[in-house]
>>> print(open('run_9.pdb').read())   # PDB, C-alpha atoms
MODEL        1
ATOM      1  CA  MET A   1      26.543   2.256 -19.035
ATOM      2  CA  LYS A   2      29.679   4.107 -17.999
ATOM      3  CA  GLN A   3      27.871   6.725 -16.001
ATOM      4  CA  PHE A   4      25.912   6.401 -12.814
ATOM      5  CA  ILE A   5      23.377   9.067 -13.645
ATOM      6  CA  ARG A   6      22.267  10.836 -16.792
ATOM      7  CA  LYS A   7      20.029  13.813 -17.309
ATOM      8  CA  ALA A   8      17.057  11.631 -18.308
ATOM      9  CA  ASP A   9      17.445   9.735 -15.025
ATOM     10  CA  ILE A  10      17.061  12.910 -13.028
ATOM     11  CA  ILE A  11      14.005  13.919 -15.036
ATOM     12  CA  LEU A  12      12.496  10.475 -14.500
ATOM     13  CA  PHE A  13      13.302  10.694 -10.799
ATOM     14  CA  ILE A  14      11.617  14.074 -10.483
ATOM     15  CA  VAL A  15       8.572  12.841 -12.402
ATOM     16  CA  LEU A  16       8.248   9.765 -10.194
ATOM     17  CA  VAL A  17       8.641  11.758  -6.988
ATOM     18  CA  ALA A  18       6.075  14.256  -8.255
ATOM     19  CA  ILE A  19       3.627  11.430  -8.979
ATOM     20  CA  GLY A  20       4.239  10.030  -5.513
ATOM     21  CA  LEU A  21       3.720  13.368  -3.820
ATOM     22  CA  ALA A  22       0.598  14.077  -5.851
ATOM     23  CA  ALA A  23      -0.802  10.632  -5.093
ATOM     24  CA  SER A  24      -0.146  10.913  -1.376
ATOM     25  CA  ALA A  25      -1.608  14.412  -1.299
ATOM     26  CA  ALA A  26      -4.702  13.221  -3.156
ATOM     27  CA  LEU A  27      -5.031  10.241  -0.839
ATOM     28  CA  THR A  28      -4.725  12.264   2.355
ATOM     29  CA  LEU A  29      -7.255  14.759   1.052
ATOM     30  CA  SER A  30      -9.747  12.124  -0.034
ATOM     31  CA  HIS A  31      -9.206  10.251   3.214
ATOM     32  CA  GLY A  32      -9.459  13.382   5.328
ATOM     33  CA  GLU A  33     -12.722  14.616   3.911
ATOM     34  CA  ALA A  34     -15.851  12.762   4.823
ATOM     35  CA  GLY A  35     -17.376  11.303   1.683
ATOM     36  CA  SER A  36     -21.034  11.587   0.848
ATOM     37  CA  GLY A  37     -21.624   8.112   2.266
ATOM     38  CA  ALA A  38     -20.028   8.883   5.631
ATOM     39  CA  LYS A  39     -21.879   7.470   8.601
ATOM     40  CA  VAL A  40     -22.120   8.457  12.209
ATOM     41  CA  ILE A  41     -21.878   5.361  14.362
ATOM     42  CA  ILE A  42     -23.173   5.559  17.895
ATOM     43  CA  GLU A  43     -22.300   2.755  20.273
ATOM     44  CA  SER A  44     -23.712   2.363  23.719
ATOM     45  CA  GLY A  45     -22.362  -0.136  26.205
ATOM     46  CA  GLY A  46     -20.217  -1.676  23.476
ATOM     47  CA  ASP A  47     -23.161  -2.423  21.198
ATOM     48  CA  LEU A  48     -24.219  -0.584  18.103
ATOM     49  CA  TYR A  49     -26.938   1.816  19.133
ATOM     50  CA  ALA A  50     -27.594   3.677  15.912
ATOM     51  CA  ARG A  51     -26.096   4.570  12.555
ATOM     52  CA  TYR A  52     -26.988   7.773  10.782
ATOM     53  CA  PRO A  53     -25.765   9.446   7.606
ATOM     54  CA  LEU A  54     -23.438  12.304   8.421
ATOM     55  CA  ALA A  55     -25.177  14.461   5.835
ATOM     56  CA  GLU A  56     -28.516  14.493   7.663
ATOM     57  CA  ASP A  57     -28.984  16.891  10.535
ATOM     58  CA  ARG A  58     -30.518  15.410  13.644
ATOM     59  CA  THR A  59     -30.398  15.340  17.400
ATOM     60  CA  VAL A  60     -30.192  11.993  19.137
ATOM     61  CA  VAL A  61     -30.627  11.217  22.780
ATOM     62  CA  VAL A  62     -28.552   8.170  23.611
ATOM     63  CA  PRO A  63     -29.578   6.449  26.817
ATOM     64  CA  ALA A  64     -26.790   4.860  28.808
ATOM     65  CA  PRO A  65     -27.033   1.077  29.315
ATOM     66  CA  LYS A  66     -27.174   1.417  33.083
ATOM     67  CA  GLN A  67     -30.661   2.884  32.685
ATOM     68  CA  THR A  68     -33.268   1.065  34.779
ATOM     69  CA  ALA A  69     -36.734   0.236  33.588
ATOM     70  CA  VAL A  70     -38.112   2.868  35.884
ATOM     71  CA  ASP A  71     -35.890   5.457  34.260
ATOM     72  CA  ALA A  72     -37.005   4.593  30.761
ATOM     73  CA  PRO A  73     -39.516   6.996  29.297
ATOM     74  CA  GLN A  74     -43.148   6.021  29.314
ATOM     75  CA  SER A  75     -44.163   8.119  26.336
ATOM     76  CA  TYR A  76     -42.241   9.178  23.271
ATOM     77  CA  PRO A  77     -42.487  12.863  22.405
ATOM     78  CA  ASP A  78     -42.163  14.059  18.814
ATOM     79  CA  ASP A  79     -38.836  15.709  19.440
ATOM     80  CA  PRO A  80     -36.453  12.958  20.503
ATOM     81  CA  ALA A  81     -34.433  15.530  22.412
ATOM     82  CA  GLU A  82     -37.263  15.774  24.910
ATOM     83  CA  LEU A  83     -36.913  12.153  25.979
ATOM     84  CA  GLN A  84     -36.133  11.970  29.643
ATOM     85  CA  TYR A  85     -33.452   9.653  30.948
ATOM     86  CA  ASP A  86     -31.367   9.690  34.070
ATOM     87  CA  TYR A  87     -28.221   8.761  32.192
ATOM     88  CA  TYR A  88     -27.842   9.955  28.642
ATOM     89  CA  ASN A  89     -25.845  11.829  26.055
ATOM     90  CA  VAL A  90     -27.265  14.187  23.479
ATOM     91  CA  VAL A  91     -25.541  13.812  20.122
ATOM     92  CA  VAL A  92     -26.095  16.528  17.547
ATOM     93  CA  ILE A  93     -25.369  16.008  13.855
ATOM     94  CA  SER A  94     -25.388  19.294  12.012
ATOM     95  CA  ASN A  95     -23.852  20.386   8.712
ATOM     96  CA  GLY A  96     -21.648  17.316   8.521
ATOM     97  CA  LYS A  97     -20.300  17.935  12.010
ATOM     98  CA  VAL A  98     -20.958  15.885  15.109
ATOM     99  CA  SER A  99     -20.806  16.998  18.701
ATOM    100  CA  VAL A 100     -22.118  15.948  22.089
ATOM    101  CA  THR A 101     -23.998  18.900  23.483
ATOM    102  CA  GLU A 102     -25.249  17.453  26.705
ATOM    103  CA  ALA A 103     -24.309  14.597  28.999
ATOM    104  CA  SER A 104     -25.544  13.302  32.289
ATOM    105  CA  CYS A 105     -22.075  12.607  33.596
ATOM    106  CA  LYS A 106     -20.061  14.783  35.928
ATOM    107  CA  ASN A 107     -16.845  15.224  33.963
ATOM    108  CA  GLN A 108     -18.450  16.387  30.684
ATOM    109  CA  VAL A 109     -15.384  15.239  28.753
ATOM    110  CA  CYS A 110     -17.475  14.350  25.729
ATOM    111  CA  VAL A 111     -19.114  17.773  25.678
ATOM    112  CA  LYS A 112     -15.752  19.501  25.969
ATOM    113  CA  HIS A 113     -14.355  17.309  23.214
ATOM    114  CA  GLY A 114     -16.029  19.618  20.741
ATOM    115  CA  ILE A 115     -16.825  18.904  17.123
ATOM    116  CA  ILE A 116     -15.755  15.994  14.946
ATOM    117  CA  SER A 117     -16.247  15.878  11.193
ATOM    118  CA  ARG A 118     -13.658  13.536   9.678
ATOM    119  CA  PRO A 119     -13.784   9.764   9.231
ATOM    120  CA  GLY A 120     -11.931   8.020  12.017
ATOM    121  CA  GLU A 121     -12.589  10.701  14.610
ATOM    122  CA  SER A 122     -14.593   9.826  17.690
ATOM    123  CA  ILE A 123     -16.055  11.191  20.882
ATOM    124  CA  VAL A 124     -16.145   8.932  23.907
ATOM    125  CA  CYS A 125     -18.160   9.163  27.085
ATOM    126  CA  LEU A 126     -16.769   6.705  29.578
ATOM    127  CA  PRO A 127     -19.297   7.088  32.421
ATOM    128  CA  ASN A 128     -22.167   6.309  30.030
ATOM    129  CA  ARG A 129     -20.107   3.873  27.964
ATOM    130  CA  MET A 130     -20.976   5.677  24.763
ATOM    131  CA  VAL A 131     -18.860   6.101  21.644
ATOM    132  CA  VAL A 132     -19.663   8.310  18.670
ATOM    133  CA  ARG A 133     -17.497   7.933  15.627
ATOM    134  CA  ILE A 134     -17.506   8.783  11.948
ATOM    135  CA  GLU A 135     -16.818   6.202   9.298
ATOM    136  CA  ASN A 136     -16.621   6.407   5.568
ATOM    137  CA  GLY A 137     -19.635   4.587   4.274
ATOM    138  CA  SER A 138     -17.853   2.493   1.639
ATOM    139  CA  GLY A 139     -18.189  -1.069   2.854
ATOM    140  CA  GLU A 140     -18.583  -2.512   6.311
ATOM    141  CA  GLY A 141     -16.046  -1.826   8.998
ATOM    142  CA  GLY A 142     -13.343  -0.539   6.711
ATOM    143  CA  GLY A 143      -9.675  -1.322   6.835
ATOM    144  CA  TYR A 144      -7.995  -4.666   6.532
ATOM    145  CA  ASP A 145      -7.251  -7.354   9.021
ATOM    146  CA  SER A 146      -4.021  -8.206   7.259
ATOM    147  CA  VAL A 147      -2.310  -8.210   3.919
ATOM    148  CA  THR A 148      -0.014 -10.979   2.884
ATOM    149  CA  SER A 149       3.232 -10.008   1.305
TER     150      SER A 149
ATOM    151  CA  MET B   1      31.902 -13.659 -25.854
ATOM    152  CA  THR B   2      29.846 -11.049 -27.626
ATOM    153  CA  GLN B   3      30.246 -13.014 -30.826
ATOM    154  CA  SER B   4      28.867 -16.237 -29.380
ATOM    155  CA  HIS B   5      26.203 -14.259 -27.595
ATOM    156  CA  ARG B   6      24.925 -12.835 -30.841
ATOM    157  CA  LYS B   7      24.670 -16.257 -32.336
ATOM    158  CA  VAL B   8      22.809 -17.513 -29.280
ATOM    159  CA  SER B   9      20.229 -14.778 -29.162
ATOM    160  CA  GLY B  10      19.762 -15.010 -32.911
ATOM    161  CA  ARG B  11      18.676 -18.447 -34.090
ATOM    162  CA  LYS B  12      19.197 -21.213 -31.631
ATOM    163  CA  PRO B  13      17.053 -20.384 -28.614
ATOM    164  CA  LEU B  14      18.491 -22.885 -26.174
ATOM    165  CA  SER B  15      22.128 -23.375 -26.879
ATOM    166  CA  ALA B  16      24.407 -24.924 -24.295
ATOM    167  CA  SER B  17      26.108 -21.649 -23.510
ATOM    168  CA  PHE B  18      22.781 -19.922 -22.974
ATOM    169  CA  ILE B  19      21.607 -22.646 -20.621
ATOM    170  CA  ALA B  20      24.872 -22.635 -18.706
ATOM    171  CA  ARG B  21      24.975 -18.867 -18.451
ATOM    172  CA  VAL B  22      21.364 -18.485 -17.387
ATOM    173  CA  GLY B  23      21.756 -21.353 -14.935
ATOM    174  CA  LEU B  24      24.707 -19.640 -13.322
ATOM    175  CA  MET B  25      23.005 -16.295 -13.116
ATOM    176  CA  ALA B  26      19.752 -17.756 -11.850
ATOM    177  CA  THR B  27      21.684 -19.566  -9.125
ATOM    178  CA  LEU B  28      23.426 -16.372  -8.151
ATOM    179  CA  ALA B  29      20.131 -14.507  -8.092
ATOM    180  CA  LEU B  30      18.562 -17.245  -5.996
ATOM    181  CA  ILE B  31      21.385 -16.938  -3.478
ATOM    182  CA  PHE B  32      20.750 -13.206  -3.305
ATOM    183  CA  SER B  33      17.059 -13.909  -2.757
ATOM    184  CA  TYR B  34      17.953 -16.277   0.052
ATOM    185  CA  VAL B  35      20.364 -13.822   1.660
ATOM    186  CA  GLU B  36      17.665 -11.187   1.546
ATOM    187  CA  ALA B  37      15.058 -13.583   2.941
ATOM    188  CA  ILE B  38      17.161 -14.389   6.017
ATOM    189  CA  ILE B  39      17.985 -10.783   6.863
ATOM    190  CA  PRO B  40      15.547  -9.939   9.632
ATOM    191  CA  TYR B  41      14.107  -6.522   9.037
ATOM    192  CA  ASN B  42      10.546  -5.350   9.155
ATOM    193  CA  PRO B  43       9.739  -2.178   7.261
ATOM    194  CA  GLY B  44       6.169  -2.118   8.527
ATOM    195  CA  VAL B  45       4.486  -2.119   5.148
ATOM    196  CA  PRO B  46       4.367  -5.397   3.238
ATOM    197  CA  GLY B  47       6.045  -5.290  -0.131
ATOM    198  CA  ILE B  48       8.996  -3.117   0.775
ATOM    199  CA  LYS B  49      12.293  -4.795   0.142
ATOM    200  CA  LEU B  50      15.630  -4.033  -1.355
ATOM    201  CA  GLY B  51      15.564  -6.755  -3.986
ATOM    202  CA  ILE B  52      19.303  -7.326  -4.296
ATOM    203  CA  ALA B  53      18.593 -10.292  -6.550
ATOM    204  CA  ASN B  54      17.569  -7.793  -9.193
ATOM    205  CA  VAL B  55      21.209  -6.771  -9.531
ATOM    206  CA  VAL B  56      21.650 -10.047 -11.387
ATOM    207  CA  THR B  57      18.664  -9.295 -13.617
ATOM    208  CA  VAL B  58      19.982  -5.842 -14.476
ATOM    209  CA  VAL B  59      23.461  -7.165 -15.162
ATOM    210  CA  ALA B  60      22.008  -9.942 -17.332
ATOM    211  CA  LEU B  61      19.990  -7.390 -19.263
ATOM    212  CA  TYR B  62      22.928  -5.108 -19.930
ATOM    213  CA  LYS B  63      25.584  -7.719 -20.460
ATOM    214  CA  PHE B  64      23.667 -10.419 -22.320
ATOM    215  CA  GLY B  65      20.365  -8.936 -23.410
ATOM    216  CA  ALA B  66      16.654  -9.088 -22.752
ATOM    217  CA  LYS B  67      16.228 -12.825 -23.231
ATOM    218  CA  ASP B  68      18.797 -13.681 -20.581
ATOM    219  CA  ALA B  69      17.275 -11.167 -18.188
ATOM    220  CA  VAL B  70      13.788 -12.611 -18.627
ATOM    221  CA  ALA B  71      14.997 -16.197 -18.230
ATOM    222  CA  VAL B  72      17.049 -15.434 -15.116
ATOM    223  CA  SER B  73      14.254 -13.429 -13.576
ATOM    224  CA  VAL B  74      11.514 -16.001 -14.157
ATOM    225  CA  ILE B  75      13.627 -18.925 -12.926
ATOM    226  CA  ARG B  76      14.694 -16.995  -9.860
ATOM    227  CA  VAL B  77      11.166 -15.873  -8.986
ATOM    228  CA  VAL B  78       9.659 -19.347  -9.401
ATOM    229  CA  LEU B  79      12.385 -21.065  -7.381
ATOM    230  CA  ALA B  80      12.432 -18.403  -4.669
ATOM    231  CA  GLY B  81       8.660 -18.694  -4.537
ATOM    232  CA  PHE B  82       8.777 -22.411  -3.895
ATOM    233  CA  LEU B  83      11.684 -22.122  -1.463
ATOM    234  CA  PHE B  84      11.082 -18.999   0.610
ATOM    235  CA  ASN B  85       8.172 -16.800  -0.306
ATOM    236  CA  GLY B  86       5.244 -19.153  -0.813
ATOM    237  CA  LEU B  87       2.868 -19.308  -3.736
ATOM    238  CA  PHE B  88       1.231 -15.973  -3.112
ATOM    239  CA  GLY B  89       4.589 -14.313  -2.778
ATOM    240  CA  MET B  90       5.497 -15.929  -6.069
ATOM    241  CA  LEU B  91       2.385 -14.558  -7.725
ATOM    242  CA  TYR B  92       3.187 -11.052  -6.538
ATOM    243  CA  ALA B  93       6.800 -11.367  -7.563
ATOM    244  CA  LEU B  94       5.919 -12.715 -11.013
ATOM    245  CA  ALA B  95       3.623  -9.788 -11.675
ATOM    246  CA  GLY B  96       6.270  -7.396 -10.445
ATOM    247  CA  ALA B  97       8.956  -9.097 -12.497
ATOM    248  CA  ALA B  98       6.853  -9.099 -15.661
ATOM    249  CA  ILE B  99       5.977  -5.425 -15.531
ATOM    250  CA  SER B 100       9.412  -4.278 -14.378
ATOM    251  CA  LEU B 101      11.228  -6.353 -17.013
ATOM    252  CA  THR B 102       9.007  -4.929 -19.732
ATOM    253  CA  GLY B 103       9.699  -1.438 -18.485
ATOM    254  CA  MET B 104      13.431  -2.037 -18.223
ATOM    255  CA  ILE B 105      13.710  -3.447 -21.727
ATOM    256  CA  LEU B 106      11.734  -0.554 -23.197
ATOM    257  CA  LEU B 107      13.639   2.104 -21.260
ATOM    258  CA  LYS B 108      16.950   0.545 -22.198
ATOM    259  CA  LYS B 109      15.933   0.647 -25.859
ATOM    260  CA  THR B 110      15.392   4.399 -25.698
ATOM    261  CA  GLY B 111      19.081   4.766 -24.865
ATOM    262  CA  LEU B 112      18.370   7.829 -22.773
ATOM    263  CA  PHE B 113      18.721   6.356 -19.334
ATOM    264  CA  SER B 114      21.679   5.071 -17.399
ATOM    265  CA  VAL B 115      21.612   1.716 -15.629
ATOM    266  CA  THR B 116      20.638   3.503 -12.438
ATOM    267  CA  GLY B 117      17.684   5.196 -14.076
ATOM    268  CA  VAL B 118      16.428   2.011 -15.689
ATOM    269  CA  SER B 119      16.753   0.191 -12.395
ATOM    270  CA  MET B 120      14.913   2.955 -10.569
ATOM    271  CA  ALA B 121      12.018   2.726 -12.995
ATOM    272  CA  ALA B 122      12.063  -1.045 -12.635
ATOM    273  CA  GLY B 123      11.838  -0.774  -8.866
ATOM    274  CA  VAL B 124       8.782   1.448  -9.142
ATOM    275  CA  LEU B 125       7.154  -0.752 -11.790
ATOM    276  CA  HIS B 126       7.841  -3.865  -9.745
ATOM    277  CA  ASN B 127       5.979  -2.427  -6.780
ATOM    278  CA  LEU B 128       3.190  -1.212  -9.038
ATOM    279  CA  GLY B 129       2.768  -4.722 -10.448
ATOM    280  CA  GLN B 130       2.561  -6.150  -6.953
ATOM    281  CA  LEU B 131      -0.004  -3.566  -6.007
ATOM    282  CA  LEU B 132      -2.124  -4.423  -9.034
ATOM    283  CA  VAL B 133      -2.057  -8.117  -8.124
ATOM    284  CA  ALA B 134      -2.888  -7.295  -4.538
ATOM    285  CA  ALA B 135      -5.795  -5.132  -5.656
ATOM    286  CA  ALA B 136      -7.047  -7.938  -7.905
ATOM    287  CA  LEU B 137      -6.734 -10.537  -5.145
ATOM    288  CA  ILE B 138      -8.315  -8.459  -2.415
ATOM    289  CA  GLU B 139     -10.814  -6.930  -4.846
ATOM    290  CA  ASP B 140     -10.608  -3.624  -3.135
ATOM    291  CA  LEU B 141      -9.085  -0.551  -4.672
ATOM    292  CA  ARG B 142      -8.475   1.001  -1.284
ATOM    293  CA  ILE B 143      -5.215  -0.919  -1.217
ATOM    294  CA  PHE B 144      -3.904   1.891  -3.394
ATOM    295  CA  PHE B 145      -3.391   3.799  -0.175
ATOM    296  CA  TYR B 146      -0.113   1.922  -0.247
ATOM    297  CA  PHE B 147       0.779   3.422  -3.597
ATOM    298  CA  PRO B 148       2.862   6.422  -2.486
ATOM    299  CA  VAL B 149       4.757   4.353   0.072
ATOM    300  CA  LEU B 150       5.525   1.659  -2.462
ATOM    301  CA  LEU B 151       6.431   4.237  -5.090
ATOM    302  CA  PHE B 152       9.022   5.918  -2.906
ATOM    303  CA  SER B 153      10.416   2.635  -1.632
ATOM    304  CA  GLY B 154      10.597   1.438  -5.231
ATOM    305  CA  ILE B 155      12.571   4.526  -6.218
ATOM    306  CA  ALA B 156      15.002   4.072  -3.337
ATOM    307  CA  ALA B 157      15.471   0.338  -3.835
ATOM    308  CA  GLY B 158      15.777   0.772  -7.601
ATOM    309  CA  ILE B 159      18.502   3.387  -7.264
ATOM    310  CA  LEU B 160      20.474   1.246  -4.832
ATOM    311  CA  VAL B 161      20.142  -1.810  -7.054
ATOM    312  CA  GLY B 162      21.102   0.319 -10.047
ATOM    313  CA  ILE B 163      24.276   1.607  -8.413
ATOM    314  CA  ALA B 164      25.223  -1.918  -7.379
ATOM    315  CA  SER B 165      24.571  -3.051 -10.954
ATOM    316  CA  VAL B 166      26.770  -0.326 -12.417
ATOM    317  CA  LEU B 167      29.580  -1.394 -10.104
ATOM    318  CA  ALA B 168      29.049  -5.048 -10.995
ATOM    319  CA  LEU B 169      29.019  -4.265 -14.709
ATOM    320  CA  ARG B 170      32.251  -2.295 -14.363
ATOM    321  CA  ALA B 171      33.888  -5.184 -12.574
ATOM    322  CA  LEU B 172      32.657  -7.620 -15.212
ATOM    323  CA  ARG B 173      33.864  -5.602 -18.174
TER     324      ARG B 173
ENDMDL
END
>>> encode(input="run_9.pdb", output="C-alpha cells")
Amino acid sequence: MKQFIRKADIILFIVLVAIGLAASAALTLSHGEAGSGAKVIIESGGDLYARYPLAEDRTVVVPAPKQTAVDAPQSYPDDPAELQYDYYNVVVISNGKVSVTEASCKNQVCVKHGIISRPGESIVCLPNRMVVRIENGSGEGGGYDSVTS
Amino acid sequence: MTQSHRKVSGRKPLSASFIARVGLMATLALIFSYVEAIIPYNPGVPGIKLGIANVVTVVALYKFGAKDAVAVSVIRVVLAGFLFNGLFGMLYALAGAAISLTGMILLKKTGLFSVTGVSMAAGVLHNLGQLLVAAALIEDLRIFFYFPVLLFSGIAAGILVGIASVLALRALR
C-alpha cells in the first residue's frame, strides 16, 4: 500500500499489454484475410446486380443500367463473356482475387484499379455506375449501425 | 477505527457505522460519477472512460475491506444509472463492477500487487465485463473487435485511478 508499483504489477502490465497486442494482431489478421464465406457483391446503378462466392472462379459481364433494349443481347451464348453490350464491365473472379479486366468507358479507372482480394475493398466504375466489392459472408451487411454505451 | 471496523465486518452486517460510512462513500462516488458525466469528451469508442468514481471503491476496499467496496460500488452504480447513464448503462456498469470487484478482491488477497496494479487489473476487467454484456445483448461476437481498444484503455484508466487511490490512501492514513 505504501508503494506505487511493485514487481508483480509490472509483470501483470506486461501480460495485459501482450494479450492486447496479440488480440489486436489476431483481429487484424482475421479481418484482413477473406474468410471462406467471403462474397463478391456487384452493384449496378445502385442496385444489387449479383453476388458470388469469392472462392469460385468466374467471369461476369455486367451491363450498365443505361443500356437500351436495342443494345441488350438477343441470344445468350454459353460463355457469358461473349455477351455483347454497348456499356459494360467485365469482372473476373480468379483465385480469390477480383479485378475488372474490361470496361466500355473511356477512363478505364476500374481496369487500372487492379486486383482486390480483401473484405471491404472495392472497385468502382462511375461512367457505368458499377461497384464491385468484397464482403465477409458472415451475416447480412456487416457492421453495426450503433452501439449504446 | 480499525477496532470498530473489525466488529462491523464480523457479526453485525448493518451496523450504524457501516451504514454511515458506506453512505458517505457512496455519495462521494456518486459526485465523482456526476463530475465525470458532465465533462464533455468523446473518445470515439463507446465504453472508454476514466472512471474516477472507482477511486472511492479502491479506497473503500483498502481502507475498510471488501464488503464496504462492494456496497459502495453497487449503490453508486445503481444511483448513477438512474440519474445519468440510463438503464442500459447501468446494466453495463453493474457487469463491469461485479467482475472488476471480484478481480480486485482476489488480487488484493494474493498480497503481491500494489494498489496501482490491482486498480489496473480492475480497469481491464471492468471493460471486459462490459464487453461481455454488450456481446450478450447484441448477440454478435464480432463486438470483440473492440477488445484490444478496451483492454488498453482499461489499463490506462486503471493505472490513473490506482495512482489517485494511492495518493488518497496516503492522505487518509
>>> closest_residue(input="run_9.pdb", among="B:Ala171, B:Ala66, B:Val149, B:Ala157", to="chain A", atoms="all atoms listed in the file")
B:Val149
>>> atom_distance(input="run_9.pdb", atom1="CA of Tyr49 in chain A", atom2="CA of Gly114 in chain A")
20.9 Å
>>> closest_residue(input="run_9.pdb", among="A:Val61, A:Ile116, A:Val15, A:Leu21", to="chain B", atoms="only C-alpha atoms")
A:Leu21
>>> closest_residue(input="run_9.pdb", among="A:Leu48, A:Leu27, A:Val131, A:Ala18", to="chain B", atoms="only C-alpha atoms")
A:Leu27
>>> interface_residues(input="run_9.pdb", of="chain B", to="chain A", cutoff="7 Å", atoms="only C-alpha atoms", output="PyMOL selection string")
chain B and resi 46-47+89+112-117+145+148+151-152+163+166
>>> resolve_selection(input="run_9.pdb", expression="the PyMOL selection byres ((chain B and resi 67) around 12)", output="PyMOL selection string")
chain B and resi 5-6+8-10+13-14+18-19+21-22+57-58+60-66+68-74+101-102+105
>>> resolve_selection(input="run_9.pdb", expression="the PyMOL selection byres ((chain A and resi 105) around 8)", output="VMD selection string")
chain A and resid 87 103 to 104 106 to 108 127 to 128
>>> atom_distance(input="run_9.pdb", atom1="CA of Met130 in chain A", atom2="CA of Gly45 in chain A")
6.1 Å
>>> resolve_selection(input="run_9.pdb", expression="the PyMOL selection byres ((chain A and resi 121) around 6)", output="list in words")
Arg118, Pro119, Gly120, Ser122, Arg133 and Ile134 of chain A
>>> atom_distance(input="run_9.pdb", atom1="CA of Glu135 in chain A", atom2="CA of Val40 in chain A")
6.5 Å
>>> residues_around(input="run_9.pdb", residues="range 50-60 of chain A", least_positions_apart="2", cutoff="7 Å", atoms="all atoms listed in the file", output="ChimeraX atom specification")
/A:37-43,48,62,80-81,90-96
>>> residues_near_point(input="run_9.pdb", point="(19.2, -17.5, -13.0)", cutoff="6 Å", atoms="all atoms listed in the file", output="PyMOL selection string")
chain B and resi 22-27+29+72+75-76
>>> axis_aligned_box(input="run_9.pdb", around="range 72-86 of chain B", padding_each_side="3 Å", output="lines of an AutoDock Vina configuration file")
center_x = 11.1
center_y = -17.9
center_z = -7.3
size_x = 17.8
size_y = 15.0
size_z = 21.7
>>> residues_around(input="run_9.pdb", residues="range 30-32 of chain B", least_positions_apart="3", cutoff="9 Å", atoms="only C-alpha atoms", output="list in words")
Met25, Ala26, Thr27, Val35, Glu36, Ala37, Gly51, Ile52, Ala53, Asn54, Val55, Val56, Ile75, Arg76, Val77, Leu79 and Ala80 of chain B
>>> closest_residue(input="run_9.pdb", among="B:Leu132, B:Ile38, B:Ala20, B:Ile159", to="Phe147 in chain B", atoms="only C-alpha atoms")
B:Leu132
>>> decode(input="run_9.pdb", residues="range 84-98 of chain A", atoms="N, CA and C atoms", output="PDB file, in the first residue's frame")
ATOM      1  N   GLN A  84     -22.789  -9.420 -75.703  1.00  0.00           N
ATOM      2  CA  GLN A  84     -22.451  -8.140 -76.301  1.00  0.00           C
ATOM      3  C   GLN A  84     -23.333  -7.028 -75.746  1.00  0.00           C
ATOM      4  N   TYR A  85     -22.699  -6.046 -75.158  1.00  0.00           N
ATOM      5  CA  TYR A  85     -23.406  -4.854 -74.707  1.00  0.00           C
ATOM      6  C   TYR A  85     -22.662  -3.640 -75.225  1.00  0.00           C
ATOM      7  N   ASP A  86     -23.358  -2.513 -75.262  1.00  0.00           N
ATOM      8  CA  ASP A  86     -22.643  -1.286 -75.596  1.00  0.00           C
ATOM      9  C   ASP A  86     -21.902  -0.733 -74.393  1.00  0.00           C
ATOM     10  N   TYR A  87     -22.558  -0.872 -73.220  1.00  0.00           N
ATOM     11  CA  TYR A  87     -21.947  -0.354 -71.999  1.00  0.00           C
ATOM     12  C   TYR A  87     -21.835  -1.496 -71.006  1.00  0.00           C
ATOM     13  N   TYR A  88     -20.665  -1.789 -70.564  1.00  0.00           N
ATOM     14  CA  TYR A  88     -20.483  -2.974 -69.726  1.00  0.00           C
ATOM     15  C   TYR A  88     -19.152  -2.899 -68.975  1.00  0.00           C
ATOM     16  N   ASN A  89     -19.026  -3.778 -68.004  1.00  0.00           N
ATOM     17  CA  ASN A  89     -17.753  -4.046 -67.363  1.00  0.00           C
ATOM     18  C   ASN A  89     -17.589  -5.555 -67.282  1.00  0.00           C
ATOM     19  N   VAL A  90     -16.388  -6.021 -67.458  1.00  0.00           N
ATOM     20  CA  VAL A  90     -16.116  -7.443 -67.306  1.00  0.00           C
ATOM     21  C   VAL A  90     -15.391  -7.644 -65.977  1.00  0.00           C
ATOM     22  N   VAL A  91     -16.038  -8.369 -65.090  1.00  0.00           N
ATOM     23  CA  VAL A  91     -15.464  -8.633 -63.764  1.00  0.00           C
ATOM     24  C   VAL A  91     -14.953 -10.068 -63.739  1.00  0.00           C
ATOM     25  N   VAL A  92     -13.718 -10.240 -63.348  1.00  0.00           N
ATOM     26  CA  VAL A  92     -13.123 -11.568 -63.299  1.00  0.00           C
ATOM     27  C   VAL A  92     -12.819 -11.928 -61.844  1.00  0.00           C
ATOM     28  N   ILE A  93     -13.361 -13.059 -61.419  1.00  0.00           N
ATOM     29  CA  ILE A  93     -13.024 -13.603 -60.093  1.00  0.00           C
ATOM     30  C   ILE A  93     -12.136 -14.808 -60.326  1.00  0.00           C
ATOM     31  N   SER A  94     -10.934 -14.751 -59.757  1.00  0.00           N
ATOM     32  CA  SER A  94      -9.981 -15.823 -60.009  1.00  0.00           C
ATOM     33  C   SER A  94      -9.060 -15.990 -58.817  1.00  0.00           C
ATOM     34  N   ASN A  95      -8.986 -17.178 -58.279  1.00  0.00           N
ATOM     35  CA  ASN A  95      -8.108 -17.491 -57.154  1.00  0.00           C
ATOM     36  C   ASN A  95      -8.318 -16.557 -55.963  1.00  0.00           C
ATOM     37  N   GLY A  96      -9.576 -16.243 -55.687  1.00  0.00           N
ATOM     38  CA  GLY A  96      -9.852 -15.378 -54.544  1.00  0.00           C
ATOM     39  C   GLY A  96      -9.509 -13.925 -54.785  1.00  0.00           C
ATOM     40  N   LYS A  97      -9.237 -13.572 -56.035  1.00  0.00           N
ATOM     41  CA  LYS A  97      -8.922 -12.180 -56.355  1.00  0.00           C
ATOM     42  C   LYS A  97      -9.929 -11.679 -57.384  1.00  0.00           C
ATOM     43  N   VAL A  98     -10.253 -10.415 -57.293  1.00  0.00           N
ATOM     44  CA  VAL A  98     -11.245  -9.831 -58.179  1.00  0.00           C
ATOM     45  C   VAL A  98     -10.622  -8.669 -58.930  1.00  0.00           C
TER      46      VAL A  98
END
